[in-house]
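Note: the block below is coords16.cif and it holds mmCIF, C-alpha atoms.
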data_entry
loop_
_atom_site.label_atom_id
_atom_site.label_comp_id
_atom_site.auth_asym_id
_atom_site.auth_seq_id
_atom_site.Cartn_x
_atom_site.Cartn_y
_atom_site.Cartn_z
CA GLU F 14 7.91 -19.03 -0.63
CA ALA F 15 8.45 -17.02 2.55
CA GLY F 16 6.81 -13.60 2.59
CA VAL F 17 8.18 -10.23 3.58
CA ALA F 18 9.30 -10.28 7.20
CA GLN F 19 9.20 -7.25 9.46
CA SER F 20 10.13 -6.67 13.07
CA PRO F 21 9.14 -5.61 15.57
CA ARG F 22 5.37 -5.89 15.03
CA TYR F 23 4.57 -3.26 17.64
CA LYS F 24 6.58 -0.48 19.25
CA ILE F 25 5.65 2.19 21.77
CA ILE F 26 8.11 5.01 22.39
CA GLU F 27 8.05 8.50 23.83
CA LYS F 28 8.49 11.54 21.63
CA ARG F 29 12.09 12.50 20.97
CA GLN F 30 13.23 8.88 21.35
CA SER F 31 14.67 6.93 18.44
CA VAL F 32 13.36 3.73 16.89
CA ALA F 33 14.43 1.33 14.16
CA PHE F 34 12.45 -1.09 12.03
CA TRP F 35 13.80 -4.06 10.13
CA CYS F 36 12.59 -5.65 6.91
CA ASN F 37 13.64 -8.78 5.06
CA PRO F 38 12.12 -8.93 1.55
CA ILE F 39 11.18 -11.98 -0.45
CA SER F 40 14.30 -13.76 -1.65
CA GLY F 41 15.38 -12.54 -5.08
CA HIS F 42 13.35 -9.34 -5.00
CA ALA F 43 15.53 -6.46 -6.09
CA THR F 44 13.14 -3.64 -5.20
CA LEU F 45 12.22 -2.74 -1.63
CA TYR F 46 9.77 -0.11 -0.45
CA TRP F 47 9.03 1.51 2.88
CA TYR F 48 5.56 2.99 3.31
CA GLN F 49 3.95 4.94 6.13
CA GLN F 50 0.25 4.26 6.69
CA ILE F 51 -1.42 6.64 9.10
CA LEU F 52 -4.75 5.44 10.53
CA GLY F 53 -7.52 6.01 7.99
CA GLN F 54 -5.14 6.77 5.13
CA GLY F 55 -3.57 4.86 2.29
CA PRO F 56 0.10 3.88 2.30
CA LYS F 57 2.48 6.73 1.51
CA LEU F 58 5.82 5.84 -0.05
CA LEU F 59 8.75 6.96 2.08
CA ILE F 60 11.66 5.41 0.22
CA GLN F 61 12.29 2.90 -2.54
CA PHE F 62 15.48 0.91 -3.11
CA GLN F 63 16.64 -0.96 -6.17
CA ASN F 64 19.23 -3.39 -4.79
CA ASN F 65 21.28 -1.15 -2.49
CA GLY F 66 20.60 2.12 -4.33
CA VAL F 67 17.89 4.67 -3.58
CA VAL F 68 15.39 5.17 -6.41
CA ASP F 69 12.97 7.57 -4.73
CA ASP F 70 13.16 9.21 -1.31
CA SER F 71 11.30 12.40 -2.21
CA GLN F 72 8.72 11.93 0.58
CA LEU F 73 11.14 10.85 3.30
CA PRO F 74 11.47 13.49 6.06
CA LYS F 75 15.22 13.40 5.93
CA ASP F 76 15.73 15.54 9.01
CA ARG F 77 14.50 12.66 11.17
CA PHE F 78 14.09 9.56 9.01
CA SER F 79 16.85 7.47 7.49
CA ALA F 80 16.93 4.13 5.74
CA GLU F 81 19.54 1.81 4.39
CA ARG F 82 19.82 -1.40 2.44
CA LEU F 83 23.54 -1.91 2.57
CA LYS F 84 23.88 -5.37 1.04
CA GLY F 85 20.85 -5.09 -1.21
CA VAL F 86 18.83 -7.57 0.83
CA ASP F 87 17.35 -6.57 4.18
CA SER F 88 16.71 -2.98 5.17
CA THR F 89 16.33 -0.80 8.25
CA LEU F 90 14.27 2.35 8.66
CA LYS F 91 15.15 4.66 11.54
CA ILE F 92 13.36 7.61 13.11
CA GLN F 93 15.36 9.95 15.30
CA PRO F 94 13.91 11.84 17.10
CA ALA F 95 10.31 10.64 16.90
CA LYS F 96 7.35 13.02 16.91
CA LEU F 97 3.74 12.34 17.87
CA GLU F 98 2.70 12.55 14.21
CA ASP F 99 4.99 9.62 13.37
CA SER F 100 2.46 7.26 14.96
CA ALA F 101 1.52 4.99 12.10
CA VAL F 102 2.00 1.54 10.62
CA TYR F 103 5.28 1.23 8.74
CA LEU F 104 4.92 -1.21 5.89
CA CYS F 105 7.74 -2.81 3.99
CA ALA F 106 7.09 -4.23 0.53
CA SER F 107 9.19 -5.85 -2.15
CA SER F 108 8.84 -6.55 -5.85
CA LEU F 109 10.84 -8.59 -8.31
CA ASP F 110 12.28 -5.49 -9.94
CA LEU F 111 11.71 -1.81 -10.52
CA PHE F 112 9.13 -2.23 -13.26
CA ARG F 113 6.90 -4.86 -11.66
CA ASP F 114 3.76 -3.41 -10.15
CA GLU F 115 3.00 -6.40 -7.97
CA GLN F 116 4.29 -5.46 -4.58
CA TYR F 117 4.30 -7.96 -1.73
CA PHE F 118 3.74 -6.36 1.64
CA GLY F 119 4.89 -7.43 5.06
CA PRO F 120 2.57 -7.29 8.10
CA GLY F 121 3.86 -3.89 9.15
CA THR F 122 5.20 -2.39 12.34
CA ARG F 123 2.67 -0.43 14.37
CA LEU F 124 4.42 2.53 16.01
CA THR F 125 2.84 4.56 18.78
CA VAL F 126 4.62 7.72 19.89
CA THR F 127 3.42 9.09 23.24
CA GLN Z 12 -7.64 18.15 -4.62
CA LYS Z 13 -6.22 14.70 -3.90
CA GLU Z 14 -4.95 12.75 -6.87
CA VAL Z 15 -7.03 9.72 -5.82
CA GLU Z 16 -10.36 9.93 -4.01
CA GLN Z 17 -11.96 6.96 -2.30
CA ASP Z 18 -14.91 6.81 0.07
CA PRO Z 19 -13.66 5.38 3.37
CA GLY Z 20 -17.01 3.76 4.22
CA PRO Z 21 -17.65 1.68 6.20
CA LEU Z 22 -19.81 -0.27 3.80
CA SER Z 23 -21.94 -3.04 5.31
CA VAL Z 24 -23.66 -5.58 3.08
CA PRO Z 25 -25.41 -8.92 3.68
CA GLU Z 26 -23.67 -12.11 2.63
CA GLY Z 27 -24.31 -12.90 -1.03
CA ALA Z 28 -24.73 -9.27 -2.09
CA ILE Z 29 -22.92 -7.67 -5.00
CA VAL Z 30 -20.46 -5.09 -3.75
CA SER Z 31 -19.32 -2.08 -5.74
CA LEU Z 32 -16.21 -0.19 -4.64
CA ASN Z 33 -15.04 2.90 -6.47
CA CYS Z 34 -12.26 5.44 -6.86
CA THR Z 35 -11.98 8.63 -8.82
CA TYR Z 36 -8.74 10.26 -9.84
CA SER Z 37 -7.58 13.56 -11.26
CA ASN Z 38 -4.30 12.64 -13.00
CA SER Z 39 -5.12 11.75 -16.60
CA ALA Z 40 -1.65 10.24 -16.99
CA PHE Z 41 -2.53 7.27 -14.78
CA GLN Z 42 -2.47 4.14 -16.93
CA TYR Z 43 -2.05 1.23 -14.52
CA PHE Z 44 -4.73 0.51 -11.95
CA MET Z 45 -4.67 -1.87 -9.01
CA TRP Z 46 -6.89 -3.02 -6.20
CA TYR Z 47 -5.37 -4.21 -2.95
CA ARG Z 48 -7.16 -5.95 -0.10
CA GLN Z 49 -5.98 -5.29 3.44
CA TYR Z 50 -7.20 -7.36 6.36
CA SER Z 51 -7.02 -5.87 9.82
CA ARG Z 52 -3.46 -5.73 11.13
CA LYS Z 53 -2.05 -7.17 7.91
CA GLY Z 54 -0.26 -5.71 4.93
CA PRO Z 55 -2.12 -5.08 1.65
CA GLU Z 56 -2.23 -7.85 -0.95
CA LEU Z 57 -2.74 -7.31 -4.67
CA LEU Z 58 -6.17 -8.43 -5.89
CA MET Z 59 -6.54 -7.05 -9.37
CA TYR Z 60 -4.30 -5.30 -11.88
CA THR Z 61 -5.46 -3.62 -15.08
CA TYR Z 62 -3.89 -1.51 -17.77
CA SER Z 63 -5.75 1.43 -19.34
CA SER Z 64 -9.51 1.08 -19.88
CA GLY Z 65 -11.76 -1.95 -19.85
CA ASN Z 66 -12.80 -4.81 -17.62
CA LYS Z 67 -10.91 -7.65 -16.02
CA GLU Z 68 -12.50 -10.58 -14.27
CA ASP Z 69 -11.00 -13.01 -11.78
CA GLY Z 70 -13.40 -15.36 -10.07
CA ARG Z 71 -15.88 -13.32 -8.06
CA PHE Z 72 -13.95 -10.09 -8.66
CA THR Z 73 -14.29 -7.72 -11.62
CA ALA Z 74 -12.21 -4.59 -12.06
CA GLN Z 75 -13.45 -1.87 -14.36
CA VAL Z 76 -11.63 1.21 -15.61
CA ASP Z 77 -13.31 4.19 -17.31
CA LYS Z 78 -10.52 6.56 -18.24
CA SER Z 79 -12.86 9.05 -19.88
CA SER Z 80 -14.56 9.57 -16.50
CA LYS Z 81 -11.39 8.99 -14.45
CA TYR Z 82 -13.29 6.37 -12.50
CA ILE Z 83 -12.40 2.83 -11.49
CA SER Z 84 -14.51 0.17 -9.83
CA LEU Z 85 -14.14 -3.19 -8.16
CA PHE Z 86 -17.16 -5.47 -8.10
CA ILE Z 87 -17.42 -8.44 -5.76
CA ARG Z 88 -20.11 -10.99 -6.59
CA ASP Z 89 -21.62 -13.35 -4.01
CA SER Z 90 -19.83 -11.54 -1.21
CA GLN Z 91 -18.62 -13.65 1.71
CA PRO Z 92 -17.80 -12.74 5.32
CA SER Z 93 -14.16 -13.49 4.44
CA ASP Z 94 -14.29 -10.52 2.03
CA SER Z 95 -14.57 -8.20 5.04
CA ALA Z 96 -11.47 -6.03 4.75
CA THR Z 97 -10.31 -2.63 3.57
CA TYR Z 98 -9.98 -2.28 -0.19
CA LEU Z 99 -7.38 0.14 -1.50
CA CYS Z 100 -7.25 1.38 -5.05
CA ALA Z 101 -3.84 2.27 -6.44
CA MET Z 102 -2.60 3.66 -9.72
CA ARG Z 103 0.43 4.97 -11.53
CA ASN Z 104 1.61 6.62 -14.74
CA SER Z 105 3.17 4.69 -17.59
CA GLY Z 106 6.72 5.16 -18.82
CA GLY Z 107 9.39 3.34 -16.88
CA TYR Z 108 9.48 3.70 -13.13
CA GLN Z 109 6.58 5.65 -11.67
CA LYS Z 110 5.48 5.87 -8.05
CA VAL Z 111 2.21 4.16 -7.14
CA THR Z 112 -0.42 6.40 -5.53
CA PHE Z 113 -2.87 4.74 -3.14
CA GLY Z 114 -6.40 5.73 -2.17
CA ILE Z 115 -7.34 5.84 1.50
CA GLY Z 116 -9.25 2.57 1.31
CA THR Z 117 -12.89 1.57 1.74
CA LYS Z 118 -13.73 -0.60 4.73
CA LEU Z 119 -16.13 -3.40 3.80
CA GLN Z 120 -18.07 -5.58 6.21
CA VAL Z 121 -20.03 -8.55 4.91
CA ILE Z 122 -22.65 -9.62 7.43
CA PRO Z 123 -23.43 -13.39 7.60
#
Is it possible to express this structure as structure tokens?
Amino acid sequence: EAGVAQSPRYKIIEKRQSVAFWCNPISGHATLYWYQQILGQGPKLLIQFQNNGVVDDSQLPKDRFSAERLKGVDSTLKIQPAKLEDSAVYLCASSLDLFRDEQYFGPGTRLTVT
Amino acid sequence: QKEVEQDPGPLSVPEGAIVSLNCTYSNSAFQYFMWYRQYSRKGPELLMYTYSSGNKEDGRFTAQVDKSSKYISLFIRDSQPSDSATYLCAMRNSGGYQKVTFGIGTKLQVIP
């Protein structure tokens, strides 16, 4: 079974630039999560999708972050414009459905904003 | 006060030692408790999952939940260098969909 795929693995941008991350969940997983993990901290949920609908985006800074999962499979997370404090690892995870606690994480995208 | 508190370490132990990793929490509604292991530059992977109070054992790993003290533990017996990683506790409320809250993780190094 292929795991959660993410790209790119690393990205360096200057502040005020835009960036996009891509995630392909495990086949058949209805629920997809985007987390932000700042160095030395635990993952913080940014947004959660069930198929192509948003379940929870209460911690997504909507003035600069956006995410979509148009066909209910892969997803993109965008930051525009980036700030220095957005430097973090962005983790994508998926689970079979909304009520399964076992989340499978991808390797993450390490973003550095200079 | 953070909902979940976890000592970031680092914790260094010799190979073969018993390791104890702990988290405390303030939200008495938490019912489901998880431990994730995260290797450097990798995503977390679920190690242990428990509901409410009690112990759960899986090979060299034992998860323990004490809801009266709002305290959870992960024990690793016969620790190996391959156990060197960051261990994140995570927990959530019961009742349908509930967001999972993660601790900051404890970095463990097992010295050969």
Step by step, work through what the PyMOL selection byres ((chain Z and resi 18-26) around 6) selects in the shown file, and finish by giving those residues as a ChimeraX atom specification.
-> /Z:17,27-28,90-91,116-123
Which chain Z residues are at most 12 Å from chain F (counting all atoms listed in the file), as a ChimeraX atom specification?
-> /Z:13,15-21,42-62,97-118
Which residues fall under the PyMOL selection byres ((chain Z and resi 75-78) around 12) in this file, as a ChimeraX atom specification?
-> /Z:31-46,59-69,72-74,79-87,100,102
Pairwise distance for atom CA of Lys91 of chain F and atom CA of Phe34 of chain F, rounded to one decimal in Å = 6.4 Å
Contacts of segment 72-77 of chain F at 7 Å (all atoms listed in the file; same-chain gap of 3+ positions) as a VMD selection string = chain F and resid 58 to 60 92 to 94
Could the residues in this selection be saved with C-alpha atoms as an mmCIF file, keeping the file's coordinate frame?
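Output below, filename result.cif:
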data_model
loop_
_atom_site.group_PDB
_atom_site.id
_atom_site.type_symbol
_atom_site.label_atom_id
_atom_site.label_comp_id
_atom_site.auth_asym_id
_atom_site.auth_seq_id
_atom_site.Cartn_x
_atom_site.Cartn_y
_atom_site.Cartn_z
ATOM 1 C CA LEU F 58 5.820 5.840 -0.050
ATOM 2 C CA LEU F 59 8.750 6.960 2.080
ATOM 3 C CA ILE F 60 11.660 5.410 0.220
ATOM 4 C CA ILE F 92 13.360 7.610 13.110
ATOM 5 C CA GLN F 93 15.360 9.950 15.300
ATOM 6 C CA PRO F 94 13.910 11.840 17.100
#
Give me, please, the distance in Å between atom CA of Asp110 of chain F and atom CA of Leu90 of chain F, quoted to one decimal.
-> 20.3 Å
Distance in Å - atom CA of Glu14 of chain Z versus atom CA of Gln49 of chain F | 17.6 Å
Hits from the PyMOL selection byres ((chain F and resi 67) around 12), listed as a tab-separated table (two decimals) with C-alpha atoms, in the frame of the given file:
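result_15.tsv was written with the following content:
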chain	number	residue	atom	x	y	z
F	43	ALA	CA	15.53	-6.46	-6.09
F	44	THR	CA	13.14	-3.64	-5.20
F	45	LEU	CA	12.22	-2.74	-1.63
F	46	TYR	CA	9.77	-0.11	-0.45
F	47	TRP	CA	9.03	1.51	2.88
F	59	LEU	CA	8.75	6.96	2.08
F	60	ILE	CA	11.66	5.41	0.22
F	61	GLN	CA	12.29	2.90	-2.54
F	62	PHE	CA	15.48	0.91	-3.11
F	63	GLN	CA	16.64	-0.96	-6.17
F	64	ASN	CA	19.23	-3.39	-4.79
F	65	ASN	CA	21.28	-1.15	-2.49
F	66	GLY	CA	20.60	2.12	-4.33
F	68	VAL	CA	15.39	5.17	-6.41
F	69	ASP	CA	12.97	7.57	-4.73
F	70	ASP	CA	13.16	9.21	-1.31
F	71	SER	CA	11.30	12.40	-2.21
F	73	LEU	CA	11.14	10.85	3.30
F	79	SER	CA	16.85	7.47	7.49
F	80	ALA	CA	16.93	4.13	5.74
F	81	GLU	CA	19.54	1.81	4.39
F	82	ARG	CA	19.82	-1.40	2.44
F	83	LEU	CA	23.54	-1.91	2.57
F	85	GLY	CA	20.85	-5.09	-1.21
F	88	SER	CA	16.71	-2.98	5.17
F	111	LEU	CA	11.71	-1.81	-10.52
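Closest approach to Ser20 of chain F from the set F:Ala101, F:Thr89, F:Lys96, F:Ser40 is made by F:Thr89, with distances taken over all atoms listed in the file.
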